[in-house]
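Student: Okay, so here is model.txt, and as you'll see once you scroll down, it has compact mmCIF, C-alpha atoms and all ligand atoms.
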```txt
# COMPACT_ATOMS: atom_id res chain seq x y z
CA MET P 191 4.15 23.70 13.18
CA PRO P 192 6.39 23.48 16.22
CA GLU P 193 9.13 26.11 16.41
CA ARG P 194 11.73 23.43 17.02
CA ALA P 195 12.55 20.54 14.69
CA ALA P 196 10.27 17.54 15.06
CA ARG P 197 12.04 14.76 16.95
CA VAL P 198 12.28 11.15 15.95
CA LEU P 199 13.48 8.40 18.24
CA LEU P 200 14.76 5.73 15.87
CA GLY P 201 14.84 2.22 17.25
CA ILE P 202 17.12 -0.04 15.24
CA THR P 203 16.85 -3.76 15.86
CA GLY P 204 19.04 -6.70 14.98
CA GLY P 205 18.70 -7.64 11.36
CA ILE P 206 20.91 -7.11 8.35
CA ALA P 207 18.68 -4.18 7.28
CA ALA P 208 20.12 -2.36 10.30
CA TYR P 209 22.81 -1.03 7.97
CA LYS P 210 20.04 0.83 6.16
CA GLY P 211 19.08 2.26 9.53
CA ALA P 212 22.23 4.37 9.31
CA TYR P 213 21.17 5.69 5.92
CA LEU P 214 17.68 6.32 7.28
CA VAL P 215 19.16 8.59 9.94
CA ARG P 216 20.69 10.70 7.16
CA ARG P 217 17.47 10.91 5.21
CA LEU P 218 15.52 11.92 8.32
CA ARG P 219 18.11 14.60 9.08
CA GLU P 220 17.92 15.87 5.51
CA ARG P 221 14.21 16.44 6.06
CA GLY P 222 15.02 18.69 8.99
CA LEU P 223 14.13 16.19 11.70
CA ALA P 224 16.09 15.75 14.91
CA VAL P 225 17.04 12.11 15.40
CA ARG P 226 18.20 10.08 18.36
CA CYS P 227 18.98 6.44 17.81
CA ALA P 228 18.25 3.53 20.08
CA PRO P 229 19.95 0.42 18.69
CA THR P 230 19.26 -2.85 20.48
CA LEU P 231 22.15 -5.00 21.62
CA ALA P 232 21.72 -7.21 18.54
CA ALA P 233 21.61 -4.17 16.24
CA GLU P 234 24.99 -3.03 17.49
CA SER P 235 26.51 -6.09 15.80
CA PHE P 236 25.33 -4.65 12.50
CA VAL P 237 25.80 -0.92 12.95
CA SER P 238 27.99 0.83 15.48
CA PRO P 239 26.69 3.45 17.92
CA LEU P 240 29.53 5.71 16.80
CA THR P 241 28.26 5.67 13.19
CA LEU P 242 24.79 6.55 14.42
CA GLU P 243 26.13 9.28 16.66
CA VAL P 244 28.04 10.92 13.83
CA LEU P 245 25.10 10.71 11.44
CA SER P 246 22.47 11.88 13.91
CA GLY P 247 24.63 14.48 15.63
CA ASP P 248 22.99 13.51 18.90
CA ARG P 249 23.32 11.02 21.72
CA VAL P 250 22.78 7.36 20.98
CA TYR P 251 20.99 5.18 23.49
CA GLY P 252 23.45 2.35 22.87
CA GLN P 253 24.50 -0.28 25.39
CA GLU P 254 27.59 1.58 26.51
CA TYR P 255 25.77 4.87 27.02
CA LEU P 256 22.93 3.16 28.87
CA ALA P 257 25.34 1.31 31.16
CA ARG P 258 27.34 4.47 31.82
CA ASP P 259 24.66 7.12 32.12
CA GLY P 260 21.47 5.18 32.76
CA GLY P 261 20.08 6.24 36.06
CA SER P 262 23.40 7.52 37.43
CA ASP P 263 21.77 10.70 38.73
CA GLY P 264 18.36 9.20 39.23
CA ALA P 265 17.31 10.07 35.67
CA GLU P 266 15.42 7.34 33.98
CA LEU P 267 16.55 7.32 30.41
CA HIS P 268 13.48 5.57 29.00
CA VAL P 269 11.32 8.29 30.51
CA GLU P 270 13.59 11.01 29.18
CA ALA P 271 13.72 9.49 25.71
CA ALA P 272 9.96 8.94 25.54
CA GLN P 273 9.30 12.52 26.60
CA TRP P 274 11.88 13.91 24.17
CA ALA P 275 10.47 12.21 21.07
CA ASP P 276 7.52 13.34 18.93
CA LEU P 277 7.52 10.03 17.08
CA LEU P 278 8.97 6.58 17.58
CA CYS P 279 10.16 4.79 14.46
CA VAL P 280 11.50 1.23 14.59
CA ALA P 281 13.40 0.32 11.44
CA PRO P 282 14.24 -2.40 10.84
CA ALA P 283 11.75 -4.06 13.16
CA THR P 284 12.56 -7.75 13.63
CA ALA P 285 9.88 -10.38 14.28
CA ASN P 286 11.14 -10.49 17.86
CA THR P 287 10.75 -6.76 18.42
CA LEU P 288 7.32 -6.65 16.75
CA ALA P 289 6.20 -9.36 19.18
CA ARG P 290 7.73 -7.50 22.13
CA LEU P 291 5.96 -4.28 21.12
CA ALA P 292 2.64 -6.06 20.62
CA LEU P 293 2.91 -7.78 23.99
CA GLY P 294 4.06 -4.68 25.80
CA LEU P 295 7.22 -6.34 27.06
CA ALA P 296 9.75 -4.06 28.67
CA ASP P 297 12.93 -6.09 28.60
CA ASP P 298 15.38 -3.62 27.11
CA PHE P 299 15.72 0.11 26.60
CA LEU P 300 13.82 0.25 23.30
CA SER P 301 10.84 -1.83 24.41
CA THR P 302 10.63 -0.02 27.75
CA THR P 303 10.73 3.35 26.03
CA ALA P 304 8.10 2.19 23.53
CA LEU P 305 5.84 1.24 26.41
CA MET P 306 6.31 4.68 27.93
CA PHE P 307 5.87 6.56 24.68
CA GLU P 308 2.50 8.14 23.88
CA GLY P 309 2.96 9.59 20.38
CA PRO P 310 2.72 8.09 16.89
CA VAL P 311 4.69 4.94 16.10
CA VAL P 312 5.97 3.82 12.70
CA VAL P 313 7.51 0.38 12.24
CA ALA P 314 9.29 -1.06 9.20
CA PRO P 315 9.39 -4.86 9.53
CA ALA P 316 12.22 -6.85 7.98
CA MET P 317 12.67 -10.60 8.12
CA HIS P 318 12.74 -13.73 5.97
CA ASP P 319 9.47 -14.09 4.16
CA ALA P 320 8.72 -17.46 5.76
CA MET P 321 8.75 -15.65 9.09
CA TRP P 322 6.63 -12.76 7.78
CA ARG P 323 3.95 -15.23 6.66
CA LYS P 324 3.69 -17.02 10.01
CA PRO P 325 0.36 -16.48 11.78
CA ALA P 326 2.35 -15.67 14.92
CA VAL P 327 3.87 -12.65 13.18
CA GLU P 328 0.71 -11.72 11.29
CA GLY P 329 -1.18 -11.65 14.59
CA ARG P 330 1.34 -9.33 16.23
CA VAL P 331 1.34 -7.01 13.26
CA ALA P 332 -2.46 -6.93 13.22
CA THR P 333 -2.43 -6.04 16.92
CA LEU P 334 -0.02 -3.19 16.31
CA ARG P 335 -2.08 -1.91 13.37
CA ASP P 336 -5.24 -2.03 15.48
CA ARG P 337 -3.49 0.17 17.99
CA GLY P 338 -2.75 2.74 15.33
CA VAL P 339 0.86 1.80 14.63
CA GLU P 340 1.81 2.62 11.03
CA VAL P 341 3.40 -0.42 9.40
CA VAL P 342 5.54 0.41 6.36
CA GLY P 343 6.40 -2.52 4.12
CA PRO P 344 7.94 -5.03 4.02
CA VAL P 345 8.43 -5.21 0.28
CA GLU P 346 9.36 -7.96 -2.08
CA GLY P 347 12.96 -8.32 -3.18
CA ALA P 348 16.31 -9.90 -2.47
CA LEU P 349 16.60 -11.25 1.08
CA ALA P 350 19.79 -11.68 3.12
CA SER P 351 19.53 -15.45 2.55
CA GLY P 352 20.08 -14.91 -1.17
CA GLU P 353 16.49 -15.82 -1.97
CA ARG P 354 13.82 -13.47 -3.19
CA GLY P 355 10.82 -12.92 -1.04
CA TRP P 356 8.44 -10.78 0.82
CA GLY P 357 10.23 -9.54 3.88
CA ARG P 358 12.70 -6.93 2.76
CA MET P 359 12.56 -3.66 4.67
CA ALA P 360 10.80 -0.82 2.84
CA GLU P 361 13.19 1.68 1.26
CA PRO P 362 14.35 4.41 3.67
CA GLU P 363 12.59 7.02 1.50
CA ALA P 364 9.24 5.29 2.02
CA ILE P 365 9.90 5.16 5.76
CA VAL P 366 10.78 8.87 5.83
CA ASP P 367 7.53 9.63 4.00
CA ALA P 368 5.53 7.61 6.54
CA VAL P 369 7.28 9.42 9.39
CA CYS P 370 6.57 12.83 7.85
CA ARG P 371 2.94 11.90 7.29
CA ALA P 372 2.53 10.73 10.85
CA LEU P 373 4.05 13.99 12.08
CA GLY P 374 1.78 16.03 9.82
CA LEU P 375 4.76 17.32 7.83
CA PRO P 376 4.69 17.56 4.05
CA GLU P 377 6.06 14.53 2.25
CA ALA P 378 8.89 14.90 -0.24
CA GLU P 379 7.44 16.02 -3.55
CA ASP P 380 10.26 17.13 -5.73
CA GLU P 381 12.67 14.49 -4.56
CA ALA P 382 13.37 11.92 -7.21
CA SER P 383 11.72 8.71 -6.12
CA VAL P 384 13.62 5.46 -6.20
CA GLY P 385 12.63 1.93 -7.17
CA PRO P 386 12.07 0.01 -10.37
CA LEU P 387 9.06 2.15 -11.34
CA ALA P 388 10.63 5.49 -10.41
CA GLY P 389 9.30 8.27 -12.61
CA ARG P 390 6.54 6.12 -14.15
CA LYS P 391 3.00 7.42 -14.00
CA VAL P 392 0.52 4.77 -13.01
CA VAL P 393 -3.25 5.16 -12.78
CA VAL P 394 -5.32 2.46 -11.10
CA THR P 395 -9.11 2.32 -10.81
CA ALA P 396 -10.60 0.29 -7.98
CA GLY P 397 -13.85 -0.72 -6.36
CA PRO P 398 -17.39 -0.67 -7.65
CA THR P 399 -19.31 2.21 -9.15
CA TYR P 400 -22.71 3.15 -7.81
CA GLU P 401 -25.35 4.26 -10.28
CA ALA P 402 -28.05 6.34 -8.64
CA ILE P 403 -31.69 5.33 -8.88
CA ASP P 404 -32.87 8.11 -6.58
CA PRO P 405 -31.18 10.19 -3.86
CA VAL P 406 -30.85 7.18 -1.53
CA ARG P 407 -30.75 4.13 -3.79
CA PHE P 408 -28.25 2.87 -6.32
CA LEU P 409 -27.20 -0.06 -8.47
CA GLY P 410 -23.84 -1.39 -7.33
CA ASN P 411 -21.79 -4.54 -7.05
CA ARG P 412 -19.72 -6.45 -4.50
CA SER P 413 -16.25 -5.35 -5.57
CA SER P 414 -14.20 -4.66 -2.43
CA GLY P 415 -11.52 -2.60 -4.18
CA ARG P 416 -8.75 -4.63 -2.57
CA MET P 417 -7.02 -5.72 -5.75
CA GLY P 418 -6.86 -2.17 -7.09
CA PHE P 419 -5.64 -0.81 -3.77
CA ALA P 420 -2.96 -3.50 -3.65
CA LEU P 421 -1.83 -2.53 -7.16
CA ALA P 422 -1.68 1.15 -6.21
CA ARG P 423 0.24 0.36 -3.01
CA GLN P 424 2.76 -1.87 -4.76
CA ALA P 425 3.28 0.60 -7.61
CA ALA P 426 3.98 3.38 -5.08
CA ILE P 427 6.40 1.18 -3.12
CA ARG P 428 8.25 0.63 -6.41
CA GLY P 429 8.62 4.37 -6.87
CA ALA P 430 5.80 5.13 -9.35
CA LEU P 431 3.69 8.28 -9.22
CA VAL P 432 0.34 6.71 -8.56
CA THR P 433 -3.19 8.04 -8.90
CA LEU P 434 -5.83 5.75 -7.49
CA ILE P 435 -9.36 6.44 -8.73
CA ALA P 436 -11.54 4.76 -6.15
CA GLY P 437 -15.22 3.96 -6.25
CA PRO P 438 -17.11 3.75 -2.95
CA VAL P 439 -15.00 1.43 -0.76
CA LYS P 440 -13.98 1.36 2.88
CA LEU P 441 -10.22 1.07 2.45
CA GLU P 442 -7.40 3.25 3.63
CA THR P 443 -5.39 5.14 1.06
CA PRO P 444 -2.04 3.40 0.55
CA ALA P 445 1.04 5.40 1.54
CA GLY P 446 2.35 7.75 -1.11
CA VAL P 447 -0.69 7.38 -3.39
CA ARG P 448 -2.83 10.26 -4.71
CA ARG P 449 -6.45 9.21 -4.34
CA VAL P 450 -9.45 10.53 -6.24
CA ASP P 451 -12.81 9.35 -4.91
CA VAL P 452 -15.65 8.87 -7.35
CA VAL P 453 -19.09 7.32 -7.17
CA SER P 454 -20.49 6.65 -10.64
CA ALA P 455 -19.00 5.38 -13.91
CA ALA P 456 -19.44 8.88 -15.37
CA GLU P 457 -17.38 10.36 -12.53
CA MET P 458 -14.75 7.67 -12.98
CA GLU P 459 -14.56 8.49 -16.68
CA ALA P 460 -14.03 12.19 -15.93
CA ALA P 461 -11.35 11.41 -13.34
CA LEU P 462 -9.58 9.15 -15.84
CA ARG P 463 -9.52 11.89 -18.48
CA GLU P 464 -7.86 14.16 -15.98
CA ALA P 465 -5.34 11.70 -14.54
CA ALA P 466 -4.47 9.32 -17.35
CA HIS P 467 -3.51 11.50 -20.32
CA ASP P 468 0.23 11.21 -19.64
CA ALA P 469 0.16 7.85 -17.84
CA ASP P 470 2.57 5.03 -18.64
CA LEU P 471 0.27 2.36 -17.24
CA VAL P 472 -3.47 2.35 -16.57
CA VAL P 473 -4.95 -0.61 -14.73
CA MET P 474 -8.72 -0.85 -14.74
CA ALA P 475 -9.30 -2.98 -11.66
CA ALA P 476 -12.63 -1.27 -10.96
CA ALA P 477 -15.83 -3.19 -11.43
CA VAL P 478 -17.50 -0.47 -13.47
CA ALA P 479 -21.26 -0.88 -13.69
CA ASP P 480 -22.27 -1.80 -17.21
CA TYR P 481 -25.64 -0.07 -16.89
CA ARG P 482 -27.12 2.92 -15.14
CA PRO P 483 -30.73 3.99 -14.64
CA ARG P 484 -31.79 6.08 -17.62
CA GLU P 485 -33.11 8.64 -15.16
CA CYS P 486 -32.31 9.36 -11.57
CA ALA P 487 -35.45 10.35 -9.62
CA GLU P 488 -35.05 13.74 -7.96
CA GLN P 489 -36.94 12.66 -4.84
CA LYS P 490 -36.87 9.35 -3.05
CA MET P 491 -39.15 7.02 -4.96
CA LYS P 492 -42.29 5.92 -3.14
CA LYS P 493 -43.73 2.43 -3.18
CA SER P 494 -46.54 2.48 -5.66
CA GLY P 495 -47.96 -0.91 -4.73
CA GLY P 496 -49.34 -3.38 -7.20
CA ASP P 497 -47.22 -4.70 -10.03
CA GLY P 498 -43.68 -4.02 -8.88
CA LEU P 499 -41.33 -1.61 -10.55
CA VAL P 500 -39.64 -1.55 -13.93
CA LEU P 501 -36.35 0.36 -14.07
CA GLU P 502 -35.13 1.46 -17.43
CA LEU P 503 -31.34 1.15 -17.76
CA GLU P 504 -28.94 2.56 -20.32
CA GLU P 505 -25.42 1.39 -21.00
CA ASN P 506 -22.46 3.12 -19.43
CA PRO P 507 -19.58 3.93 -21.73
CA ASP P 508 -16.86 1.28 -21.58
CA LEU P 509 -13.98 3.12 -19.94
CA LEU P 510 -11.35 0.54 -20.84
CA ALA P 511 -12.39 0.52 -24.48
CA GLY P 512 -12.15 4.31 -24.53
CA LEU P 513 -8.70 4.42 -22.94
CA ALA P 514 -6.68 4.33 -26.16
CA ALA P 515 -7.90 7.88 -26.85
CA VAL P 516 -7.61 9.04 -23.24
CA ALA P 517 -4.19 7.55 -22.42
CA PRO P 518 -2.46 6.96 -25.75
CA ARG P 519 1.01 6.31 -24.28
CA ALA P 520 -0.12 3.87 -21.65
CA GLN P 521 -0.03 0.13 -21.33
CA ARG P 522 -3.75 -0.54 -20.82
CA VAL P 523 -4.82 -3.35 -18.53
CA GLY P 524 -8.31 -4.64 -17.86
CA PHE P 525 -9.72 -7.20 -15.49
CA ALA P 526 -12.25 -9.81 -16.44
CA ALA P 527 -14.44 -11.17 -13.72
CA GLU P 528 -15.89 -14.38 -15.08
CA THR P 529 -18.03 -17.17 -13.76
CA GLU P 530 -17.61 -19.49 -16.77
CA ASP P 531 -15.41 -20.06 -19.81
CA LEU P 532 -12.64 -17.85 -18.50
CA GLU P 533 -10.20 -18.00 -21.36
CA ARG P 534 -12.61 -17.45 -24.22
CA SER P 535 -14.32 -14.52 -22.50
CA ALA P 536 -11.03 -12.93 -21.51
CA ARG P 537 -9.60 -13.16 -25.02
CA LYS P 538 -12.79 -11.68 -26.40
CA LYS P 539 -12.51 -8.74 -24.00
CA LEU P 540 -8.84 -8.24 -24.80
CA LYS P 541 -9.72 -7.73 -28.43
CA ALA P 542 -13.00 -5.88 -28.04
CA LYS P 543 -11.54 -3.40 -25.56
CA GLY P 544 -8.21 -2.87 -27.29
CA ALA P 545 -6.29 -3.64 -24.10
CA HIS P 546 -2.67 -4.77 -23.88
CA TRP P 547 -3.44 -7.19 -21.05
CA ILE P 548 -6.52 -8.75 -19.48
CA VAL P 549 -6.29 -10.21 -15.99
CA ALA P 550 -8.94 -12.88 -15.73
CA ASN P 551 -10.26 -14.36 -12.54
CA ASP P 552 -12.97 -16.81 -11.71
CA VAL P 553 -15.35 -14.96 -9.40
CA SER P 554 -17.51 -18.03 -8.86
CA ARG P 555 -14.81 -19.41 -6.51
CA PRO P 556 -15.43 -18.35 -2.92
CA ASP P 557 -11.74 -18.57 -1.89
CA ILE P 558 -10.50 -15.93 -4.34
CA GLY P 559 -11.74 -12.76 -5.99
CA PHE P 560 -14.08 -10.05 -4.81
CA GLU P 561 -14.04 -9.98 -1.01
CA SER P 562 -11.17 -12.35 -0.45
CA ALA P 563 -7.62 -11.42 0.61
CA ASP P 564 -6.22 -13.76 -2.04
CA ASN P 565 -6.52 -14.00 -5.75
CA GLU P 566 -5.53 -16.41 -8.50
CA VAL P 567 -5.49 -15.14 -12.06
CA VAL P 568 -4.55 -15.87 -15.63
CA VAL P 569 -3.24 -12.96 -17.65
CA PHE P 570 -3.72 -12.79 -21.40
CA GLY P 571 -1.56 -10.47 -23.46
CA GLY P 572 -2.31 -8.81 -26.78
CA ASN P 573 0.56 -10.71 -28.41
CA GLY P 574 -0.83 -14.08 -27.41
CA GLU P 575 1.03 -14.33 -24.08
CA VAL P 576 -0.56 -16.38 -21.30
CA GLU P 577 0.76 -16.05 -17.75
CA ARG P 578 -0.70 -17.99 -14.85
CA PHE P 579 -0.41 -16.67 -11.31
CA PRO P 580 -1.25 -19.22 -8.61
CA LYS P 581 -3.29 -18.31 -5.53
CA GLN P 582 -1.47 -15.69 -3.44
CA SER P 583 -2.20 -12.57 -1.47
CA LYS P 584 -3.48 -9.64 -3.50
CA ASP P 585 -0.45 -7.56 -2.52
CA GLU P 586 1.97 -10.21 -3.66
CA LEU P 587 0.05 -10.74 -6.86
CA ALA P 588 -0.06 -6.98 -7.45
CA GLY P 589 3.75 -6.86 -7.33
CA ARG P 590 4.06 -9.68 -9.86
CA LEU P 591 1.49 -8.15 -12.20
CA LEU P 592 3.29 -4.80 -12.13
CA GLU P 593 6.53 -6.52 -13.08
CA LEU P 594 4.76 -8.02 -16.05
CA PHE P 595 2.98 -4.86 -17.21
CA ALA P 596 5.84 -2.48 -16.76
CA GLY P 597 8.51 -4.89 -17.96
CA GLU P 598 10.13 -4.32 -14.59
CA ALA P 599 13.58 -5.80 -14.28
CA THR P 600 13.67 -8.36 -11.50
N1 LIG Z 1 -14.95 -1.86 -17.73
C1 LIG Z 1 -14.93 -0.53 -18.10
N2 LIG Z 1 -16.08 0.14 -18.32
C2 LIG Z 1 -17.27 -0.49 -18.21
C3 LIG Z 1 -17.30 -1.86 -17.86
C4 LIG Z 1 -16.12 -2.52 -17.62
O1 LIG Z 1 -13.85 0.06 -18.20
N3 LIG Z 1 -18.38 0.18 -18.44
C5 LIG Z 1 -13.68 -2.54 -17.53
C6 LIG Z 1 -13.46 -3.05 -16.13
O2 LIG Z 1 -12.78 -2.10 -15.34
C7 LIG Z 1 -12.59 -4.27 -16.38
C8 LIG Z 1 -13.01 -4.75 -17.74
O3 LIG Z 1 -13.65 -3.65 -18.34
O4 LIG Z 1 -11.22 -3.92 -16.45
C9 LIG Z 1 -13.92 -5.97 -17.77
O5 LIG Z 1 -15.07 -5.79 -17.03
P1 LIG Z 1 -16.20 -6.96 -16.90
O6 LIG Z 1 -17.34 -6.44 -16.12
O7 LIG Z 1 -15.59 -8.23 -16.46
O8 LIG Z 1 -16.58 -7.17 -18.38
P2 LIG Z 1 -17.71 -6.50 -19.23
O9 LIG Z 1 -17.06 -5.79 -20.32
O10 LIG Z 1 -18.63 -5.76 -18.36
O11 LIG Z 1 -18.42 -7.77 -19.85
P3 LIG Z 1 -19.48 -8.76 -19.19
O12 LIG Z 1 -19.98 -8.13 -17.93
O13 LIG Z 1 -20.45 -8.89 -20.24
O14 LIG Z 1 -18.68 -10.02 -18.93
```
For this file, produce the structure as structure tokens.
Ligand code: CTP
Tutor:
Amino acid sequence: MPERAARVLLGITGGIAAYKGAYLVRRLRERGLAVRCAPTLAAESFVSPLTLEVLSGDRVYGQEYLARDGGSDGAELHVEAAQWADLLCVAPATANTLARLALGLADDFLSTTALMFEGPVVVAPAMHDAMWRKPAVEGRVATLRDRGVEVVGPVEGALASGERGWGRMAEPEAIVDAVCRALGLPEAEDEASVGPLAGRKVVVTAGPTYEAIDPVRFLGNRSSGRMGFALARQAAIRGALVTLIAGPVKLETPAGVRRVDVVSAAEMEAALREAAHDADLVVMAAAVADYRPRECAEQKMKKSGGDGLVLELEENPDLLAGLAAVAPRAQRVGFAAETEDLERSARKKLKAKGAHWIVANDVSRPDIGFESADNEVVVFGGNGEVERFPKQSKDELAGRLLELFAGEAT
């Protein structure tokens, strides 16, 4: 740990969420971080440099300061600012600024300093959701991610236009957590979280399970884990305490989520017992293997030649069906991956597994499901409810499903 406070240079750009930038300064300061603000010209229409100066207790690289002091004694302020900071955070980050950062433009103080800066960068995009969905924006964001920039949010909610959508800046608390993580500082633990799921305990399982045949071989399936990870991410963004029990997948742990890695169905069952006993919601998005080899060979099996090989399999316990005993308080949700007769199979599973909800999807369609970024599902409820969710990104769908399961107020 450095002896001095870690230093955050906070770029604030010109969107209505800039007013939350002022609040973000406070939250960063409360966590013991030193903050200097760099509002763009457009941001100054939303939040005044004086407000930022008072809240940060430090200089503000606003237009007036830059015009007055920039380079007057030969000092180059972008160099000074970039060398001062341990981390650069841009919140809110408009579509324009994301593009400027991705392109490496240096057309104002913030972008020039960003180009100079060599430490970790966290950005919190905010814009109308039609803009957020544009390939032009997606491409810039992907470029920034590839370069190691941490992108927090956006989240779904009320937009400045009065509509609801996917483009609202992440809550300042989530941004502070991302900043602390990037600086290697502990995240807030005892602080009360905010959001519609604040205080709720959510457990999500995701990915496949691998059932060992011998030390190097296994039975598995093609589940990518993306739907479960999206659910965990969206639950955490909404303030829930989330445990994600993940089978073998190559996905990054979503921000603010406790992750438990498992391999087999038996390990997943043990992890569930541990994590789910006081859960409010358990979502079984994992594709748990129905069968496992009756025996796992101690040594790598050799080819014996001749007639092939017969593997004897035994059934794994059904984790969803056993959940009522493991997580008695929880809303229990299962997924049904079907290739035919979706509704009948899903209803059968709902009953047989004693779940409150079954999310059914047609895995025979190549454009949705397992490895795809999108999903389209029909949800069947224990009281006869049927809710259809048209094709959308797994993150978006995850948000909608959570609203349904947790009775979240919209
Ligand atoms: N599931 C489980 N434990 C298992 C198998 C499945 O908890 N041993 C859960 C999955 O996580 C999912 C739901 O049950 O939420 C449905 O899984 P699916 O494979 O679609 O259904 P199965 O019950 O395996 O039925 P079938 O394969 O015969 O369609």
Student: Check the smallest atom-to-atom distance from each of P:Val342, P:Ala420, P:Ala517, P:Ala469 to Ala372 of chain P using only C-alpha atoms, then report the winner.
Tutor: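 Closest to Ala372 of chain P of all the choices is P:Val342.
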Student: Quick check, in Å to one decimal: how far apart do atom CA of Gly418 of chain P and atom CA of Phe570 of chain P lie?
Tutor: 18.1 Å
Student: Grab me every residue within 6 Å of ligand LIG 1 (chain Z), counting all atoms listed in the file, and send it over as number ranges by chain.
Tutor: P: 474-480, 506-510, 524-527
Student: Counting only C-alpha atoms, which residue out of P:Leu373, P:Leu242, P:Leu540, P:Ala289 sits closest to Pro325 of chain P?
Tutor: P:Ala289
Student: Output as a Markdown table one row per residue of segment 269-317 of chain P within 9 Å of segment 191-206 of chain P: the closest atom pair and its distance in Å to one decimal place, counting all atoms listed in the file, sorted by chain and residue number ascending.
Tutor:
```
| residue | atom | partner | partner_atom | distance |
| --- | --- | --- | --- | --- |
| P:Ala271 | CA | P:Leu199 | CA | 7.6 |
| P:Ala272 | CA | P:Leu199 | CA | 8.1 |
| P:Trp274 | CA | P:Arg197 | CA | 7.3 |
| P:Ala275 | CA | P:Arg197 | CA | 5.1 |
| P:Asp276 | CA | P:Arg197 | CA | 5.1 |
| P:Leu277 | CA | P:Val198 | CA | 5.0 |
| P:Leu278 | CA | P:Leu199 | CA | 4.9 |
| P:Cys279 | CA | P:Leu200 | CA | 4.9 |
| P:Val280 | CA | P:Gly201 | CA | 4.4 |
| P:Ala281 | CA | P:Ile202 | CA | 5.3 |
| P:Pro282 | CA | P:Ile202 | CA | 5.8 |
| P:Ala283 | CA | P:Thr203 | CA | 5.8 |
| P:Thr284 | CA | P:Thr203 | CA | 6.3 |
| P:Thr287 | CA | P:Thr203 | CA | 7.3 |
| P:Leu300 | CA | P:Gly201 | CA | 6.4 |
| P:Ala316 | CA | P:Gly205 | CA | 7.4 |
| P:Met317 | CA | P:Gly205 | CA | 7.5 |
```
Student: Those selected residues, please, written with C-alpha atoms and delivered as a tab-separated table (two decimals), keeping the file's coordinate frame.
Tutor:
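Contents of result-v2.tsv, as written:
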```
chain	number	residue	atom	x	y	z
P	271	ALA	CA	13.72	9.49	25.71
P	272	ALA	CA	9.96	8.94	25.54
P	274	TRP	CA	11.88	13.91	24.17
P	275	ALA	CA	10.47	12.21	21.07
P	276	ASP	CA	7.52	13.34	18.93
P	277	LEU	CA	7.52	10.03	17.08
P	278	LEU	CA	8.97	6.58	17.58
P	279	CYS	CA	10.16	4.79	14.46
P	280	VAL	CA	11.50	1.23	14.59
P	281	ALA	CA	13.40	0.32	11.44
P	282	PRO	CA	14.24	-2.40	10.84
P	283	ALA	CA	11.75	-4.06	13.16
P	284	THR	CA	12.56	-7.75	13.63
P	287	THR	CA	10.75	-6.76	18.42
P	300	LEU	CA	13.82	0.25	23.30
P	316	ALA	CA	12.22	-6.85	7.98
P	317	MET	CA	12.67	-10.60	8.12
```
Student: One decimal, in Å: what's the spacing between atom CA of Glu566 of chain P and atom CA of Val549 of chain P?
Tutor: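 Computed distance, atom CA of Glu566 of chain P to atom CA of Val549 of chain P, equals 9.8 Å.
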Student: So, with all atoms listed in the file as the atoms that count, which of P:Val568, P:Val311, P:Ala292, P:Ala514 lies closest to Gly544 of chain P?
Tutor: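 Under the stated criterion, the closest residue is P:Ala514.
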Student: Name the closest residue to Glu442 of chain P among the candidates P:Phe236, P:Val366, P:Glu530, P:Glu340; distances are taken between atoms, counting all atoms listed in the file.
Tutor: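 With all atoms listed in the file as the atom set, the closest residue is P:Glu340.
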Student: For Leu387 of chain P, which residue out of P:Gly437, P:Pro229, P:Gly352, P:Gly597 is the nearest one, using all atoms listed in the file?
Tutor: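 So, comparing all the options, the nearest one is P:Gly597.
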Student: With all atoms listed in the file as the basis for distance, which of P:Met458, P:Ala425, P:Val576, P:Leu218 is at the shortest distance from Glu593 of chain P?
Tutor: P:Ala425
Student: Any idea what's packed within 7 Å of Arg428 of chain P, counting only C-alpha atoms, ignoring anything in its chain fewer than 5 positions away? Could you give it as a PyMOL selection string?
Tutor: chain P and resi 385-388
Student: What is the atom CA of Leu532 of chain P to atom CA of Ile548 of chain P distance in Å?
Tutor: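 Spanning atom CA of Leu532 of chain P to atom CA of Ile548 of chain P is a straight-line distance of 11.0 Å.
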Student: Please list, as a VMD selection string, the residues that have an atom at most 10 Å away from (-6.0, -3.5, -24.1) in the coordinates of this file, counting all atoms listed in the file.
Tutor: chain P and resid 472 to 473 510 to 514 520 to 524 539 to 548 570 to 572
